[in-house]
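Student: As input, take target.tsv (TSV, C-alpha atoms):
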chain	number	residue	atom	x	y	z
C	25	ASP	CA	0.00	0.00	0.00
C	26	ALA	CA	3.01	2.31	-0.24
C	27	GLY	CA	1.74	3.77	-3.50
C	28	VAL	CA	-1.44	5.21	-2.02
C	29	ILE	CA	-1.81	7.49	0.97
C	30	GLN	CA	-5.19	7.66	2.63
C	31	SER	CA	-6.26	10.03	5.35
C	32	PRO	CA	-7.51	9.96	7.94
C	33	ARG	CA	-6.73	6.37	8.88
C	34	HIS	CA	-9.52	6.38	11.45
C	35	GLU	CA	-12.57	8.59	11.71
C	36	VAL	CA	-15.28	8.60	14.34
C	37	THR	CA	-18.17	10.96	13.79
C	38	GLU	CA	-21.75	11.46	14.78
C	39	MET	CA	-24.72	10.82	12.56
C	40	GLY	CA	-25.53	13.78	10.39
C	41	GLN	CA	-22.00	15.11	10.21
C	42	GLU	CA	-20.08	15.54	6.99
C	43	VAL	CA	-17.17	13.17	6.43
C	44	THR	CA	-14.39	13.67	3.88
C	45	LEU	CA	-11.98	10.89	3.06
C	46	ARG	CA	-8.79	11.65	1.14
C	47	CYS	CA	-6.60	9.72	-1.22
C	48	LYS	CA	-3.20	10.69	-2.60
C	49	PRO	CA	-1.94	8.26	-5.25
C	50	ILE	CA	1.57	8.15	-6.61
C	51	SER	CA	1.91	9.42	-10.16
C	52	GLY	CA	1.90	7.24	-13.25
C	53	HIS	CA	-1.44	5.52	-12.78
C	54	ASN	CA	-4.40	6.48	-14.90
C	55	SER	CA	-7.22	5.00	-12.86
C	56	LEU	CA	-8.37	5.55	-9.29
C	57	PHE	CA	-10.97	3.48	-7.49
C	58	TRP	CA	-12.94	3.97	-4.28
C	59	TYR	CA	-14.15	0.85	-2.45
C	60	ARG	CA	-16.10	0.17	0.71
C	61	GLN	CA	-15.71	-2.97	2.80
C	62	THR	CA	-18.02	-4.28	5.50
C	63	MET	CA	-18.40	-7.67	7.14
C	64	MET	CA	-21.88	-8.05	5.72
C	65	ARG	CA	-21.30	-6.96	2.14
C	66	GLY	CA	-17.58	-7.50	1.59
C	67	LEU	CA	-15.75	-5.27	-0.87
C	68	GLU	CA	-17.86	-3.04	-3.06
C	69	LEU	CA	-16.75	-0.68	-5.80
C	70	LEU	CA	-18.21	2.77	-5.27
C	71	ILE	CA	-16.78	4.82	-8.11
C	72	TYR	CA	-13.75	4.96	-10.34
C	73	PHE	CA	-11.94	7.59	-12.37
C	74	ASN	CA	-9.77	7.40	-15.45
C	75	ASN	CA	-7.53	10.36	-16.19
C	76	ASN	CA	-9.39	12.27	-13.47
C	77	VAL	CA	-12.77	11.75	-15.15
C	78	PRO	CA	-15.48	9.68	-13.39
C	79	ILE	CA	-16.17	6.60	-15.49
C	80	ASP	CA	-18.67	4.65	-13.42
C	81	ASP	CA	-20.40	5.81	-10.25
C	82	SER	CA	-23.12	3.17	-10.26
C	83	GLY	CA	-21.82	1.79	-6.98
C	84	MET	CA	-22.33	5.02	-5.07
C	85	PRO	CA	-25.11	4.09	-2.68
C	86	GLU	CA	-26.94	7.37	-2.41
C	87	ASP	CA	-26.82	11.04	-3.21
C	88	ARG	CA	-25.23	11.50	0.18
C	89	PHE	CA	-22.03	10.15	-1.36
C	90	SER	CA	-19.93	12.20	-3.74
C	91	ALA	CA	-16.39	11.87	-5.08
C	92	LYS	CA	-14.04	14.21	-6.85
C	93	MET	CA	-10.65	13.96	-8.47
C	94	PRO	CA	-9.47	17.50	-9.19
C	95	ASN	CA	-6.03	16.31	-10.32
C	96	ALA	CA	-4.00	13.14	-10.83
C	97	SER	CA	-2.58	13.18	-7.32
C	98	PHE	CA	-5.65	13.79	-5.18
C	99	SER	CA	-9.16	12.47	-4.72
C	100	THR	CA	-11.86	12.85	-2.09
C	101	LEU	CA	-14.90	10.85	-1.09
C	102	LYS	CA	-17.48	12.83	0.82
C	103	ILE	CA	-20.48	11.63	2.80
C	104	GLN	CA	-23.02	14.27	3.76
C	105	PRO	CA	-24.91	13.66	5.97
C	106	SER	CA	-23.33	10.52	7.39
C	107	GLU	CA	-25.39	7.68	8.83
C	108	PRO	CA	-24.47	4.73	11.08
C	109	ARG	CA	-24.86	2.31	8.15
C	110	ASP	CA	-21.99	4.12	6.42
C	111	SER	CA	-19.61	2.66	8.98
C	112	ALA	CA	-17.06	0.65	7.03
C	113	VAL	CA	-13.48	0.60	5.82
C	114	TYR	CA	-13.04	2.74	2.74
C	115	PHE	CA	-10.20	1.88	0.36
C	116	CYS	CA	-8.68	3.88	-2.41
C	117	ALA	CA	-6.86	1.93	-5.13
C	118	ILE	CA	-4.87	2.92	-8.20
C	119	GLY	CA	-4.13	1.10	-11.41
C	120	THR	CA	-3.32	1.51	-15.06
C	121	GLY	CA	-5.54	-0.20	-17.58
C	122	SER	CA	-5.63	-3.93	-17.10
C	123	VAL	CA	-2.71	-4.17	-14.69
C	124	THR	CA	-3.14	-4.88	-11.03
C	125	GLN	CA	-4.61	-2.37	-8.63
C	126	TYR	CA	-2.67	-1.14	-5.65
C	127	PHE	CA	-4.81	-0.59	-2.58
C	128	GLY	CA	-4.21	1.96	0.10
C	129	PRO	CA	-4.30	1.14	3.80
C	130	GLY	CA	-7.92	2.21	4.11
C	131	THR	CA	-9.87	4.59	6.31
C	132	ARG	CA	-11.90	3.05	9.11
C	133	LEU	CA	-15.06	5.07	9.50
C	134	LEU	CA	-17.40	4.76	12.45
C	135	VAL	CA	-20.59	6.78	12.46
C	136	LEU	CA	-22.31	6.87	15.83
G	921	LYS	CA	-26.14	-10.73	-13.07
G	922	ASN	CA	-22.43	-10.56	-12.36
G	923	GLN	CA	-21.48	-12.93	-9.57
G	924	VAL	CA	-18.39	-14.37	-7.96
G	925	GLU	CA	-18.61	-17.41	-5.73
G	926	GLN	CA	-15.67	-18.60	-3.67
G	927	SER	CA	-15.23	-21.82	-1.78
G	928	PRO	CA	-14.67	-22.85	0.83
G	929	GLN	CA	-15.87	-19.95	2.92
G	930	SER	CA	-13.14	-20.67	5.45
G	931	LEU	CA	-10.30	-23.11	5.76
G	932	ILE	CA	-8.00	-24.21	8.57
G	933	ILE	CA	-4.79	-25.95	7.57
G	934	LEU	CA	-1.64	-27.07	9.30
G	935	GLU	CA	1.57	-25.25	8.62
G	936	GLY	CA	3.46	-26.91	5.80
G	937	LYS	CA	0.39	-28.40	4.15
G	938	ASN	CA	-1.02	-27.47	0.76
G	939	CYS	CA	-4.48	-26.14	0.02
G	940	THR	CA	-6.58	-25.07	-2.94
G	941	LEU	CA	-9.16	-22.31	-3.07
G	942	GLN	CA	-11.89	-22.21	-5.68
G	943	CYS	CA	-13.44	-19.31	-7.55
G	944	ASN	CA	-16.40	-19.46	-9.93
G	945	TYR	CA	-17.44	-16.33	-11.72
G	946	THR	CA	-20.30	-15.26	-13.92
G	947	VAL	CA	-19.43	-11.89	-15.38
G	948	SER	CA	-19.80	-10.29	-18.75
G	949	PRO	CA	-17.78	-8.93	-20.29
G	950	PHE	CA	-14.63	-10.52	-18.91
G	951	SER	CA	-11.22	-8.87	-19.13
G	952	ASN	CA	-9.04	-10.68	-16.63
G	953	LEU	CA	-9.13	-12.34	-13.21
G	954	ARG	CA	-7.07	-11.39	-10.19
G	955	TRP	CA	-6.24	-13.07	-6.93
G	956	TYR	CA	-5.65	-10.84	-3.93
G	957	LYS	CA	-4.52	-11.59	-0.40
G	958	GLN	CA	-5.90	-9.40	2.36
G	959	ASP	CA	-4.36	-9.47	5.81
G	960	THR	CA	-6.54	-8.39	8.69
G	961	GLY	CA	-6.67	-4.61	8.93
G	962	ARG	CA	-4.89	-4.00	5.64
G	963	GLY	CA	-5.74	-3.41	2.02
G	964	PRO	CA	-5.73	-6.27	-0.49
G	965	VAL	CA	-2.40	-7.12	-2.10
G	966	SER	CA	-2.21	-8.59	-5.58
G	967	LEU	CA	-0.97	-12.16	-6.03
G	968	THR	CA	-1.68	-12.76	-9.71
G	969	ILE	CA	-3.59	-11.36	-12.65
G	970	MET	CA	-4.61	-13.65	-15.50
G	971	THR	CA	-6.15	-12.96	-18.89
G	972	PHE	CA	-8.49	-15.41	-20.61
G	973	SER	CA	-5.59	-16.87	-22.61
G	974	GLU	CA	-3.53	-17.80	-19.56
G	975	ASN	CA	-4.12	-21.15	-17.87
G	976	THR	CA	-1.59	-21.10	-15.08
G	977	LYS	CA	0.41	-18.45	-13.32
G	978	SER	CA	2.69	-18.73	-10.32
G	979	ASN	CA	3.93	-16.26	-7.74
G	980	GLY	CA	6.24	-18.02	-5.35
G	981	ARG	CA	4.25	-20.58	-3.40
G	982	TYR	CA	1.00	-19.37	-4.97
G	983	THR	CA	-0.19	-20.93	-8.24
G	984	ALA	CA	-3.37	-19.76	-9.91
G	985	THR	CA	-5.23	-21.54	-12.68
G	986	LEU	CA	-7.91	-20.22	-14.97
G	987	ASP	CA	-10.41	-21.99	-17.20
G	988	ALA	CA	-12.15	-19.26	-19.13
G	989	ASP	CA	-14.52	-21.73	-20.77
G	990	THR	CA	-15.99	-22.98	-17.51
G	991	LYS	CA	-15.36	-19.64	-15.76
G	992	GLN	CA	-13.47	-21.24	-12.94
G	993	SER	CA	-10.24	-20.35	-11.23
G	994	SER	CA	-8.26	-21.82	-8.39
G	995	LEU	CA	-5.44	-20.71	-6.14
G	996	HIS	CA	-3.09	-23.35	-4.82
G	997	ILE	CA	-0.92	-22.56	-1.82
G	998	THR	CA	2.08	-24.84	-1.46
G	999	ALA	CA	3.79	-25.54	1.87
G	1000	SER	CA	1.63	-23.09	3.77
G	1001	GLN	CA	3.18	-20.72	6.26
G	1002	LEU	CA	1.68	-18.90	9.21
G	1003	SER	CA	1.90	-15.69	7.21
G	1004	ASP	CA	-0.52	-17.14	4.66
G	1005	SER	CA	-3.33	-16.65	7.18
G	1006	ALA	CA	-5.53	-14.09	5.46
G	1007	SER	CA	-8.60	-13.60	3.33
G	1008	TYR	CA	-8.22	-14.44	-0.37
G	1009	ILE	CA	-10.42	-12.83	-3.02
G	1010	CYS	CA	-10.63	-13.43	-6.76
G	1011	PRO	CA	-12.28	-10.49	-8.53
G	1012	PRO	CA	-12.67	-10.62	-12.30
G	1013	ALA	CA	-12.36	-7.35	-14.17
G	1014	THR	CA	-15.31	-6.50	-16.36
G	1015	ASP	CA	-13.86	-3.63	-18.37
G	1016	SER	CA	-10.57	-2.35	-19.70
G	1017	TRP	CA	-10.17	0.10	-16.84
G	1018	GLY	CA	-10.21	-2.63	-14.24
G	1019	LYS	CA	-13.73	-2.53	-12.80
G	1020	LEU	CA	-13.71	-5.46	-10.37
G	1021	GLN	CA	-16.52	-7.72	-9.19
G	1022	PHE	CA	-15.99	-9.20	-5.73
G	1023	GLY	CA	-17.11	-12.35	-3.98
G	1024	ALA	CA	-17.13	-13.00	-0.25
G	1025	GLY	CA	-13.61	-14.41	-0.21
G	1026	THR	CA	-12.06	-17.41	1.51
G	1027	GLN	CA	-10.67	-17.00	5.01
G	1028	VAL	CA	-7.56	-19.13	5.46
G	1029	VAL	CA	-6.11	-19.88	8.88
G	1030	VAL	CA	-2.76	-21.65	9.06
G	1031	THR	CA	-2.04	-23.22	12.43
G	1032	PRO	CA	1.32	-24.36	13.82
Show how you would write the structure in this file as structure tokens.
Tutor:
Amino acid sequence: DAGVIQSPRHEVTEMGQEVTLRCKPISGHNSLFWYRQTMMRGLELLIYFNNNVPIDDSGMPEDRFSAKMPNASFSTLKIQPSEPRDSAVYFCAIGTGSVTQYFGPGTRLLVL
Amino acid sequence: KNQVEQSPQSLIILEGKNCTLQCNYTVSPFSNLRWYKQDTGRGPVSLTIMTFSENTKSNGRYTATLDADTKQSSLHITASQLSDSASYICPPATDSWGKLQFGAGTQVVVTP
């Protein structure tokens, strides 16, 4: 996971608050992916970008979720307002075309 | 509907023994299939990536097979080590950017 920096690593917030998760990939990868992982549902793809453009956001659960990639070295995933069912580990991953994806360490989110 | 089924759900093996994990997928279109290892509390790490034309691929003690006709893959772990204890997932990619479809994974526990 050295190629992807995610922050914060842990986040505890109260229901209704806005949460922003950050991802800083190393350069040289065209695609960036946001995933969510829970015990019940496993890993789920939320959205992915190619060359900073959103390609598929069909996995974004609700309008409360939004993601941006203003440049090749930064992306955010925002939840507003947050709900307890959003509690999960959120991963950012990078890749180029059909080569493997490199996952970040994840952000553990707990919404009370 | 795109689906990935992995078996067994969990597996306990003695250190030094071999084991084989199974992965059946029903996705369309199909680009390639990956095997990832995920240690507890960390992001998935790639073991192999196989295209439809590749039947076997090895990475150290890990050997993956792929039968694109029957849409089945397997991961064989040789001479298991304690560090092999992890969850193993086999997502196929369904587009050229690397959109992955996940199953529930197989939890492997290697005991001394």
Student: With the cut-off set at 6 Å and counting only C-alpha atoms, tabulate each residue of chain G with an atom at most that distance from an atom of chain C, showing the nearest atom pair and its distance in Å to one decimal, ordered by chain and increasing number, as CSV.
Tutor:
residue,atom,partner,partner_atom,distance
G:Arg962,CA,C:Pro129,CA,5.5
G:Gly963,CA,C:Pro129,CA,5.1
G:Ser1016,CA,C:Ser122,CA,5.8
G:Trp1017,CA,C:Gly121,CA,4.7
G:Gly1018,CA,C:Ser122,CA,5.6
G:Ala1024,CA,C:Gly66,CA,5.8
Student: Save the residues we just selected, C-alpha atoms, as a tab-separated table (two decimals), in the frame of the given file?
Tutor:
chain	number	residue	atom	x	y	z
G	962	ARG	CA	-4.89	-4.00	5.64
G	963	GLY	CA	-5.74	-3.41	2.02
G	1016	SER	CA	-10.57	-2.35	-19.70
G	1017	TRP	CA	-10.17	0.10	-16.84
G	1018	GLY	CA	-10.21	-2.63	-14.24
G	1024	ALA	CA	-17.13	-13.00	-0.25
Student: So that I can see what lies close to Ser973 (chain G), please list as a list in words the residues with an atom at most 9 Å from it, counting only C-alpha atoms and leaving out residues fewer than 2 positions away in the same chain.
Tutor: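 What passes the distance filter is Met970, Thr971, Asn975, Leu986, Asp987 and Ala988 of chain G.
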Student: Near Leu134 (chain C), counting only C-alpha atoms, which residues have an atom at most 7 Å away, once you skip same-chain residues fewer than 6 positions from it, shown as a PyMOL selection string?
Tutor: chain C and resi 35-37+111-112
Student: For region 1001-1020 of chain G, take all atoms listed in the file, fit an axis-aligned box around them, add 4 Å to each of the six sides, then output centre and edge lengths in Å rounded to one decimal, as lines of an AutoDock Vina configuration file.
Tutor:
center_x = -6.1
center_y = -10.3
center_z = -5.2
size_x = 26.5
size_y = 28.8
size_z = 36.9
Student: So how many Å separate CA of Tyr982 (chain G) and CA of Ser1003 (chain G), to one decimal?
Tutor: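 These two atoms are separated by 12.8 Å.
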Student: Between CA of Asn95 (chain C) and CA of His34 (chain C), what is the distance, to one decimal in Å?
Tutor: 24.2 Å
Student: Just want the 9 Å neighbourhood of region 98-104 of chain C, counted on all atoms listed in the file, with same-chain residues fewer than 6 positions away dropped. Output as a list of chain:residue names.
Tutor: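 Result of the neighbour search: C:Gly40, C:Gln41, C:Glu42, C:Val43, C:Thr44, C:Leu45, C:Arg46, C:Cys47, C:Lys48, C:Pro49, C:Leu56, C:Trp58, C:Asn76, C:Asp87, C:Arg88, C:Phe89, C:Ser90, C:Ala91, C:Lys92, C:Asp110, C:Cys116.
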Student: State, in Å with one decimal place, the distance from CA of Thr62 (chain C) to CA of Gly961 (chain G).
Tutor: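 If I compute the distance from CA of Thr62 (chain C) to CA of Gly961 (chain G), I get 11.9 Å.
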Student: Leaving out Pro1012 (chain G) and any residue of its chain fewer than 3 positions from it, which residues lie within 7 Å of it when counting all atoms listed in the file, given as a PyMOL selection string?
Tutor: chain G and resi 950+952-954+1020-1021
Student: Can you pull out the residues contacting Pro108 (chain C)? Cut-off 8 Å, using only C-alpha atoms, and skip same-chain residues under 4 positions away; I want them as a PyMOL selection string.
Tutor: chain C and resi 39+134-136
Student: Around the point (-2.2, -29.7, 2.3) (coordinates from the file), which residues reach within 9 Å if we count only C-alpha atoms? Answer as a list of chain:residue names.
Tutor: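 Result, sorted by chain then residue number: G:Ile933, G:Leu934, G:Glu935, G:Gly936, G:Lys937, G:Asn938, G:Cys939, G:Thr940, G:Ile997, G:Thr998, G:Ala999, G:Ser1000.
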Student: Please complete region 104-126 of chain C so it has N, CA, C and O atoms, and hand it over as a short mmCIF file (atom, residue, chain, number, x, y, z; two decimals), in the frame of the given file.
Tutor:
data_model
loop_
_atom_site.label_atom_id
_atom_site.label_comp_id
_atom_site.auth_asym_id
_atom_site.auth_seq_id
_atom_site.Cartn_x
_atom_site.Cartn_y
_atom_site.Cartn_z
N GLN C 104 -22.30 13.17 3.12
CA GLN C 104 -23.02 14.27 3.76
C GLN C 104 -24.52 14.12 3.54
O GLN C 104 -24.97 14.21 2.40
N PRO C 105 -25.30 13.92 4.59
CA PRO C 105 -24.91 13.66 5.97
C PRO C 105 -24.57 12.19 6.19
O PRO C 105 -25.10 11.32 5.49
N SER C 106 -23.72 11.91 7.12
CA SER C 106 -23.33 10.52 7.39
C SER C 106 -24.40 9.83 8.24
O SER C 106 -25.13 10.47 9.00
N GLU C 107 -24.46 8.51 8.08
CA GLU C 107 -25.39 7.68 8.83
C GLU C 107 -24.64 6.48 9.41
O GLU C 107 -23.60 6.09 8.87
N PRO C 108 -25.16 5.88 10.48
CA PRO C 108 -24.47 4.73 11.08
C PRO C 108 -24.19 3.60 10.09
O PRO C 108 -23.16 2.93 10.19
N ARG C 109 -25.06 3.39 9.13
CA ARG C 109 -24.86 2.31 8.15
C ARG C 109 -23.71 2.59 7.18
O ARG C 109 -23.34 1.71 6.40
N ASP C 110 -23.16 3.80 7.24
CA ASP C 110 -21.99 4.12 6.42
C ASP C 110 -20.70 3.63 7.06
O ASP C 110 -19.62 3.70 6.46
N SER C 111 -20.79 3.16 8.28
CA SER C 111 -19.61 2.66 8.98
C SER C 111 -19.00 1.50 8.21
O SER C 111 -19.69 0.53 7.89
N ALA C 112 -17.73 1.63 7.88
CA ALA C 112 -17.06 0.65 7.03
C ALA C 112 -15.59 1.04 6.92
O ALA C 112 -15.16 2.06 7.47
N VAL C 113 -14.84 0.22 6.20
CA VAL C 113 -13.48 0.60 5.82
C VAL C 113 -13.54 1.02 4.36
O VAL C 113 -14.06 0.30 3.50
N TYR C 114 -13.03 2.20 4.09
CA TYR C 114 -13.04 2.74 2.74
C TYR C 114 -11.61 2.68 2.17
O TYR C 114 -10.67 3.19 2.76
N PHE C 115 -11.50 2.02 1.02
CA PHE C 115 -10.20 1.88 0.36
C PHE C 115 -10.15 2.71 -0.91
O PHE C 115 -11.12 2.80 -1.65
N CYS C 116 -9.00 3.26 -1.14
CA CYS C 116 -8.68 3.88 -2.41
C CYS C 116 -7.66 2.98 -3.10
O CYS C 116 -6.75 2.45 -2.45
N ALA C 117 -7.80 2.77 -4.39
CA ALA C 117 -6.86 1.93 -5.13
C ALA C 117 -6.51 2.61 -6.45
O ALA C 117 -7.32 3.35 -7.01
N ILE C 118 -5.32 2.34 -6.93
CA ILE C 118 -4.87 2.92 -8.20
C ILE C 118 -4.45 1.81 -9.15
O ILE C 118 -4.06 0.72 -8.72
N GLY C 119 -4.54 2.08 -10.42
CA GLY C 119 -4.13 1.10 -11.41
C GLY C 119 -4.02 1.76 -12.77
O GLY C 119 -4.46 2.88 -12.96
N THR C 120 -3.44 1.03 -13.69
CA THR C 120 -3.32 1.51 -15.06
C THR C 120 -3.86 0.44 -15.99
O THR C 120 -3.28 -0.63 -16.10
N GLY C 121 -4.97 0.74 -16.62
CA GLY C 121 -5.54 -0.20 -17.58
C GLY C 121 -5.85 -1.54 -16.95
O GLY C 121 -6.53 -1.62 -15.93
N SER C 122 -5.31 -2.59 -17.55
CA SER C 122 -5.63 -3.93 -17.10
C SER C 122 -4.59 -4.49 -16.12
O SER C 122 -4.63 -5.66 -15.79
N VAL C 123 -3.69 -3.66 -15.66
CA VAL C 123 -2.71 -4.17 -14.69
C VAL C 123 -3.32 -4.15 -13.30
O VAL C 123 -4.41 -3.63 -13.08
N THR C 124 -2.60 -4.72 -12.37
CA THR C 124 -3.14 -4.88 -11.03
C THR C 124 -3.43 -3.53 -10.37
O THR C 124 -2.88 -2.50 -10.76
N GLN C 125 -4.30 -3.56 -9.40
CA GLN C 125 -4.61 -2.37 -8.63
C GLN C 125 -3.85 -2.43 -7.31
O GLN C 125 -3.72 -3.47 -6.70
N TYR C 126 -3.38 -1.26 -6.91
CA TYR C 126 -2.67 -1.14 -5.65
C TYR C 126 -3.59 -0.44 -4.66
O TYR C 126 -4.02 0.71 -4.91
#
